[in-house]
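Coordinates as given in target_15.txt (compact mmCIF, C-alpha atoms):
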# COMPACT_ATOMS: atom_id res chain seq x y z
CA MET G 653 0.00 0.00 0.00
CA ASN G 654 2.83 2.36 0.89
CA ILE G 655 4.58 1.55 -2.41
CA ASP G 656 1.45 2.45 -4.37
CA LEU G 657 1.15 5.71 -2.49
CA LYS G 658 4.79 6.53 -3.26
CA LYS G 659 4.23 5.75 -6.95
CA ALA G 660 1.13 7.92 -7.00
CA SER G 661 3.01 10.75 -5.33
CA LEU G 662 5.87 10.41 -7.83
CA VAL G 663 3.46 10.48 -10.78
CA ALA G 664 1.78 13.56 -9.36
CA LEU G 665 5.16 15.25 -8.85
CA VAL G 666 6.26 14.53 -12.42
CA ALA G 667 2.95 15.84 -13.77
CA THR G 668 3.35 19.03 -11.74
CA VAL G 669 6.90 19.58 -12.99
CA LEU G 670 5.87 19.01 -16.61
CA ALA G 671 2.93 21.39 -16.24
CA ALA G 672 5.22 24.01 -14.76
CA GLN G 673 7.68 23.59 -17.63
CA ASN G 674 4.91 23.94 -20.20
CA ALA G 675 3.70 27.11 -18.49
CA VAL G 676 7.14 28.75 -18.67
CA ALA G 677 7.13 31.55 -21.20
CA ARG G 678 9.39 31.10 -24.19
CA THR G 679 11.60 33.93 -25.37
CA LEU G 680 11.91 34.32 -29.13
CA ASP G 681 14.48 35.90 -31.40
CA ILE G 682 13.03 36.26 -34.89
CA LYS G 683 14.79 37.19 -38.15
CA ILE G 684 12.56 38.18 -41.07
CA THR G 685 14.05 38.42 -44.57
CA ASN G 686 12.33 39.86 -47.65
CA LEU G 687 13.06 37.37 -50.47
CA SER G 688 11.43 39.35 -53.29
CA HIS G 689 13.16 41.14 -56.14
CA ALA G 690 11.43 44.53 -55.97
CA ILE G 691 8.56 44.33 -53.47
CA ASN G 692 8.66 46.19 -50.16
CA PHE G 693 6.99 45.05 -46.95
CA THR G 694 5.14 47.77 -45.06
CA PRO G 695 5.57 47.88 -41.24
CA LEU G 696 5.38 44.38 -39.80
CA LEU G 697 3.22 43.07 -36.99
CA VAL G 698 4.83 40.09 -35.26
CA THR G 699 2.73 38.64 -32.47
CA ALA G 700 2.72 35.69 -30.08
CA HIS G 701 -0.89 34.98 -29.19
CA ARG G 702 -3.52 32.51 -28.04
CA PRO G 703 -5.96 30.59 -30.30
CA SER G 704 -8.66 33.20 -29.64
CA LEU G 705 -6.78 35.62 -31.94
CA ASP G 706 -6.65 35.00 -35.69
CA LEU G 707 -5.06 37.75 -37.77
CA PHE G 708 -6.17 36.06 -41.00
CA GLU G 709 -7.46 32.73 -42.24
CA ALA G 710 -6.94 31.47 -45.79
CA GLY G 711 -10.27 30.57 -47.36
CA GLU G 712 -12.22 32.97 -45.14
CA ALA G 713 -13.35 36.54 -45.76
CA ALA G 714 -10.92 39.21 -44.58
CA SER G 715 -11.84 41.16 -41.48
CA ALA G 716 -12.09 44.95 -41.64
CA GLU G 717 -8.81 45.09 -39.71
CA LEU G 718 -7.05 42.82 -42.20
CA GLN G 719 -8.42 44.84 -45.12
CA GLN G 720 -7.04 47.99 -43.52
CA MET G 721 -3.58 46.42 -43.37
CA ALA G 722 -3.64 44.67 -46.75
CA GLU G 723 -4.81 47.71 -48.75
CA GLY G 724 -2.93 50.47 -46.95
CA GLY G 725 -0.38 48.96 -44.57
CA ASN G 726 -2.24 50.28 -41.52
CA LEU G 727 -1.60 48.01 -38.52
CA SER G 728 -3.72 49.85 -35.97
CA GLY G 729 -6.76 47.59 -36.29
CA LEU G 730 -4.90 44.28 -36.12
CA ASN G 731 -2.63 45.51 -33.35
CA GLY G 732 -5.68 46.62 -31.40
CA LEU G 733 -7.05 43.09 -31.63
CA ALA G 734 -3.71 41.69 -30.49
CA VAL G 735 -3.55 44.03 -27.49
CA ALA G 736 -7.12 43.15 -26.48
CA ALA G 737 -6.25 39.44 -26.69
CA GLY G 738 -3.23 39.78 -24.40
CA ALA G 739 -0.74 39.03 -27.17
CA ALA G 740 2.97 39.78 -26.96
CA SER G 741 3.85 41.76 -30.07
CA ALA G 742 6.55 43.63 -31.94
CA VAL G 743 5.06 46.42 -34.04
CA ASN G 744 7.08 47.87 -36.92
CA PRO G 745 10.41 46.35 -35.87
CA ALA G 746 12.10 47.58 -39.07
CA GLY G 747 11.12 51.18 -38.34
CA GLY G 748 9.36 51.48 -41.68
CA LEU G 749 9.57 49.52 -44.92
CA LEU G 750 11.51 46.27 -45.24
CA GLY G 751 13.05 46.40 -48.68
CA PRO G 752 13.95 43.60 -51.10
CA GLY G 753 16.81 41.51 -49.73
CA ASP G 754 16.73 43.25 -46.37
CA HIS G 755 16.10 41.64 -43.00
CA VAL G 756 15.06 42.73 -39.52
CA MET G 757 15.55 41.13 -36.11
CA VAL G 758 12.96 40.93 -33.35
CA SER G 759 14.94 40.14 -30.21
CA GLY G 760 13.72 38.93 -26.84
CA LEU G 761 10.00 38.61 -27.59
CA LYS G 762 8.55 37.06 -24.44
CA THR G 763 5.61 34.86 -25.31
CA LYS G 764 4.06 34.82 -21.81
CA LYS G 765 1.23 32.25 -22.05
CA ASN G 766 0.88 32.71 -25.80
CA LYS G 767 1.69 29.57 -27.80
CA LEU G 768 1.08 30.70 -31.40
CA LEU G 769 3.09 33.02 -33.65
CA SER G 770 1.67 35.15 -36.47
CA LEU G 771 3.11 37.80 -38.76
CA VAL G 772 1.65 40.15 -41.38
CA ALA G 773 2.70 43.06 -43.59
CA MET G 774 1.32 44.59 -46.78
CA MET G 775 3.36 44.12 -49.93
CA LEU G 776 4.02 47.23 -52.03
CA PRO G 777 3.28 47.71 -54.85
CA THR G 778 0.13 45.54 -54.76
CA ASN G 779 -3.56 46.31 -54.38
CA ASP G 780 -4.22 44.10 -51.35
CA GLY G 781 -1.36 41.64 -51.19
CA PHE G 782 0.35 40.75 -47.93
CA VAL G 783 2.95 38.41 -46.53
CA GLY G 784 1.62 36.26 -43.72
CA LEU G 785 2.32 33.63 -41.10
CA ASP G 786 -0.88 32.23 -39.60
CA SER G 787 -0.87 30.84 -36.06
CA TRP G 788 2.32 28.78 -36.15
CA THR G 789 2.64 26.67 -33.01
CA ILE G 790 5.72 27.79 -31.08
CA PRO G 791 7.82 24.69 -30.34
CA LYS G 792 8.39 23.72 -26.73
CA LYS G 793 11.90 22.53 -27.55
CA HIS G 794 14.62 25.15 -27.62
CA GLY G 795 16.35 25.60 -30.95
CA ARG G 796 16.36 27.36 -34.32
CA TYR G 797 13.44 26.93 -36.72
CA THR G 798 13.17 28.16 -40.33
CA LEU G 799 9.91 29.02 -42.08
CA TYR G 800 9.17 30.25 -45.61
CA LEU G 801 6.12 32.45 -46.08
CA ASN G 802 3.71 32.88 -48.98
CA ALA G 803 2.10 36.02 -50.31
CA TYR G 804 -1.66 36.23 -49.81
CA ASP G 805 -4.38 38.25 -51.47
CA ALA G 806 -6.93 39.65 -49.03
CA GLY G 807 -9.65 39.34 -51.68
CA THR G 808 -11.00 42.77 -50.78
CA GLU G 809 -9.86 44.73 -53.82
CA VAL G 810 -9.62 44.12 -57.55
CA ASN G 811 -6.01 43.73 -58.66
CA ASN G 812 -6.07 46.47 -61.27
CA GLU G 813 -2.35 47.20 -60.69
CA LEU G 814 -2.79 50.95 -61.07
CA ILE G 815 -0.88 53.44 -58.93
CA THR G 816 -3.31 56.00 -57.50
CA GLY G 817 -1.30 57.56 -54.67
CA ASP G 818 -2.47 57.94 -51.08
CA ILE G 819 -6.13 57.42 -51.98
CA GLY G 820 -5.28 53.85 -52.96
CA GLY G 821 -4.36 53.08 -49.37
CA PHE G 822 -7.84 53.68 -47.98
CA PRO G 823 -10.01 50.56 -47.62
CA GLY G 824 -12.53 50.44 -50.42
CA SER G 825 -10.60 52.89 -52.64
CA LEU G 826 -9.34 51.09 -55.72
CA GLY G 827 -5.65 51.41 -56.50
CA ILE G 828 -2.12 51.00 -55.20
CA PRO G 829 -0.75 53.65 -52.80
CA GLY G 830 2.66 53.73 -54.46
CA ASP G 831 5.85 51.95 -55.46
CA PRO G 832 8.63 52.69 -52.95
CA GLY G 833 11.23 51.36 -55.39
CA GLY G 834 10.23 53.81 -58.10
CA ASN G 835 10.06 51.10 -60.76
CA SER G 836 6.46 51.64 -61.88
CA GLY G 837 5.03 53.32 -64.94
CA THR G 838 1.85 55.32 -65.56
CA GLY G 839 -1.12 55.33 -67.89
CA GLY G 840 -2.25 51.73 -67.39
CA THR G 841 -5.83 50.82 -68.17
CA GLY G 842 -6.17 48.12 -65.51
CA VAL G 843 -5.30 44.43 -65.43
CA ALA G 844 -8.57 43.20 -63.92
CA SER G 845 -12.10 44.50 -63.40
CA GLN G 846 -13.33 41.92 -60.91
CA GLU G 847 -12.00 39.64 -58.18
CA HIS G 848 -12.99 36.00 -58.74
CA ASN G 849 -12.01 34.91 -55.23
CA THR G 850 -13.13 37.36 -52.55
CA LYS G 851 -11.75 35.26 -49.68
CA VAL G 852 -8.15 35.34 -48.43
CA HIS G 853 -6.16 33.26 -50.92
CA ILE G 854 -2.68 32.71 -52.32
CA HIS G 855 -1.70 35.76 -54.36
CA ARG G 856 -1.33 35.10 -58.08
CA GLY G 857 1.57 37.55 -58.24
CA VAL G 858 1.97 40.72 -60.22
CA ILE G 859 0.91 40.41 -63.87
CA GLY G 860 2.41 43.69 -65.03
CA ASP G 861 3.60 44.54 -68.54
CA SER G 862 6.65 46.13 -70.15
CA ASP G 863 5.00 49.41 -71.19
CA LEU G 864 5.88 52.11 -68.64
CA SER G 865 3.71 54.74 -70.34
CA GLY G 866 0.57 52.68 -70.96
CA GLY G 867 -0.50 49.08 -71.28
CA ASN G 868 -2.74 47.29 -68.81
CA SER G 869 -0.64 47.74 -65.69
CA ASP G 870 1.44 50.43 -64.02
CA LEU G 871 3.69 47.66 -62.68
CA ASP G 872 6.66 46.26 -64.56
CA ALA G 873 6.46 42.49 -65.11
CA ARG G 874 10.25 42.41 -65.57
CA VAL G 875 10.81 43.88 -62.10
CA HIS G 876 7.84 43.30 -59.80
CA HIS G 877 6.80 39.73 -60.59
CA TRP G 878 7.40 37.09 -57.91
CA HIS G 879 6.89 33.44 -57.07
CA ASN G 880 6.30 32.12 -53.55
CA PRO G 881 7.83 32.08 -51.03
CA VAL G 882 8.35 35.81 -50.50
CA ALA G 883 9.84 35.79 -47.00
CA LYS G 884 12.13 33.70 -44.82
CA VAL G 885 11.58 33.64 -41.07
CA GLU G 886 14.10 32.20 -38.66
CA VAL G 887 12.93 31.67 -35.08
CA TRP G 888 15.21 30.97 -32.15
CA VAL G 889 13.21 29.52 -29.25
CA LYS G 890 14.91 30.03 -25.89

Can the structure from this file be put into structure tokens for me?
Amino acid sequence: MNIDLKKASLVALVATVLAAQNAVARTLDIKITNLSHAINFTPLLVTAHRPSLDLFEAGEAASAELQQMAEGGNLSGLNGLAVAAGAASAVNPAGGLLGPGDHVMVSGLKTKKNKLLSLVAMMLPTNDGFVGLDSWTIPKKHGRYTLYLNAYDAGTEVNNELITGDIGGFPGSLGIPGDPGGNSGTGGTGVASQEHNTKVHIHRGVIGDSDLSGGNSDLDARVHHWHNPVAKVEVWVK
């Protein structure tokens, strides 16, 4: 009888230790690299969160907050959701745009009780394209992990590929806010007039053309076109 009690006590002790270990917050160092040729990432939102928060979901309609980010690079809505959910976030770690080939480090992000990692940023120049990591489960084991991210289309705006200036960054206003790289043309007539998939989906990439003073697109197919993946993310779990 005493032996059984000792075994039961030992099992209970082990379970308590394991539970305590699982509850310990992880600390993350995260390196994000833009793999594209001529696409810039607008300010990034990197957040460790619980399952109750979902920045985006492929195959589902975009939220108003996601639309705000995907069409104009505005993180305020999504960050507000993250704050309300008790997430641990790094907002705009690059201090602005993350250019082609550039990288940024997020150091010492304490996850607290948050077990999922997400990341978003608009891609410029696009109508409503964004790079995204959706609710990746943070490993319990310490180490270095490498992820490659796709470009998504929010499905909220027709990809006409026309530069319209600041007005293009407002949700519901058709057009692209600008091309930070200065590689775009003018006078395009528009690549598309309707969006066949109005849910969040894999971006088909820039169509573009080679006519910088006309054609269908203001974007240059020789410069702006991409294939997935568009970003590399390295995560050190400590």

Cut-off 9 Å: closest range 716-759 of chain G/range 829-853 of chain G atom pairs per residue, using all atoms listed in the file, as a tab-separated table:
residue	atom	partner	partner_atom	distance
G:Glu723	CA	G:Pro829	CA	8.3
G:Gly724	CA	G:Pro829	CA	7.0
G:Leu749	CA	G:Pro832	CA	8.7
G:Gly751	CA	G:Gly833	CA	8.5

Kindly assemble as a Markdown table a list of the range 813-844 of chain G residues that lie within 12 Å of range 706-721 of chain G, each paired with its nearest atom pair and their distance in Å to one decimal, using only C-alpha atoms, sorted first by chain and then by ascending residue number.
| residue | atom | partner | partner_atom | distance |
| --- | --- | --- | --- | --- |
| G:Gly820 | CA | G:Gln720 | CA | 11.2 |
| G:Gly821 | CA | G:Gln720 | CA | 8.2 |
| G:Phe822 | CA | G:Gln720 | CA | 7.3 |
| G:Pro823 | CA | G:Gln720 | CA | 5.7 |
| G:Gly824 | CA | G:Gln719 | CA | 8.7 |
| G:Ser825 | CA | G:Gln720 | CA | 10.9 |

Could I get the residues of range 733-759 of chain G with an atom no further than 8 Å from an atom of range 692-699 of chain G, each paired with its nearest atom pair and that distance in Å to one decimal, using all atoms listed in the file, sorted by chain and residue number, as CSV?
residue,atom,partner,partner_atom,distance
G:Ala734,CA,G:Thr699,CA,7.4
G:Ala739,CA,G:Thr699,CA,6.3
G:Ala740,CA,G:Thr699,CA,5.6
G:Ser741,CA,G:Thr699,CA,4.1
G:Ala742,CA,G:Val698,CA,5.1
G:Val743,CA,G:Leu697,CA,4.8
G:Asn744,CA,G:Pro695,CA,4.6
G:Pro745,CA,G:Leu696,CA,6.7
G:Ala746,CA,G:Pro695,CA,6.9
G:Gly747,CA,G:Pro695,CA,7.1
G:Gly748,CA,G:Pro695,CA,5.2
G:Leu749,CA,G:Thr694,CA,4.8
G:Leu750,CA,G:Phe693,CA,5.0
G:Gly751,CA,G:Asn692,CA,4.6
G:Pro752,CA,G:Asn692,CA,6.0

Write out as a PyMOL selection string each polymer residue whose atoms come within 8 Å of Ala873 in chain G, counting all atoms listed in the file; drop sequence neighbours fewer than 5 positions from it. chain G and resi 858-862

Atom-to-atom span, CA of Glu886 in chain G and CA of Lys765 in chain G, Å: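 These two atoms are separated by 21.0 Å.
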
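Distance annotation: of G:Pro881, G:His794, G:Lys683, G:Leu864, the residue with the minimal separation from Val758 in chain G is G:Lys683; atom set is only C-alpha atoms.
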
Interatomic distance (Å, one decimal) between CA of Asn812 in chain G and CA of Lys884 in chain G: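 Distance between the two atoms: 27.7 Å.
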
Which is closer to Ile819 in chain G than all the others in G:Asp681, G:Ala737, G:Asn779, G:Tyr797, using all atoms listed in the file?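 Of G:Asp681, G:Ala737, G:Asn779, G:Tyr797, the one nearest Ile819 in chain G is G:Asn779, counting all atoms listed in the file.
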
Please measure the separation of CA of Tyr804 in chain G and CA of Leu761 in chain G, giving the value in Å to one decimal.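 Those two atoms sit 25.2 Å apart.
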
Nearest to Leu771 in chain G by atom-to-atom distance, counting all atoms listed in the file, from G:Thr816, G:Asn731, G:Thr808, G:Ser759: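 Of the candidates, the smallest distance to Leu771 in chain G is held by G:Asn731.
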
Phe782 in chain G: which residues within 7 Å, counting only C-alpha atoms, same-chain residues fewer than 6 positions away excluded, as a compact mmCIF listing (two decimals) with C-alpha atoms, in the coordinates of the input?
# COMPACT_ATOMS: atom_id res chain seq x y z
CA ALA G 722 -3.64 44.67 -46.75
CA VAL G 772 1.65 40.15 -41.38
CA ALA G 773 2.70 43.06 -43.59
CA MET G 774 1.32 44.59 -46.78
CA MET G 775 3.36 44.12 -49.93
CA ALA G 803 2.10 36.02 -50.31
CA TYR G 804 -1.66 36.23 -49.81
CA ASP G 805 -4.38 38.25 -51.47

Nearest to Gly738 in chain G, chosen from G:Thr763, G:Asn686, G:Asn880, G:Thr789, with only C-alpha atoms counted in the distances: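 Among the listed residues, G:Thr763 lies closest to Gly738 in chain G.
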
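Counting all atoms listed in the file, the residue from G:Glu813, G:Ser728, G:Trp888, G:Val735 that sits nearest to Leu776 in chain G is G:Glu813.
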
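Of the listed residues G:Asn868, G:Thr679, G:Ser704, G:Thr778, the one whose atoms come nearest to Ile691 in chain G is G:Thr778, with distances taken using only C-alpha atoms.
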
Skip Lys764 in chain G itself and residues of its chain fewer than 3 positions away, then list as an NGL selection string all residues within 9 Å of it, counting only C-alpha atoms. :G and (675-679 or 700-701 or 739-740 or 767)
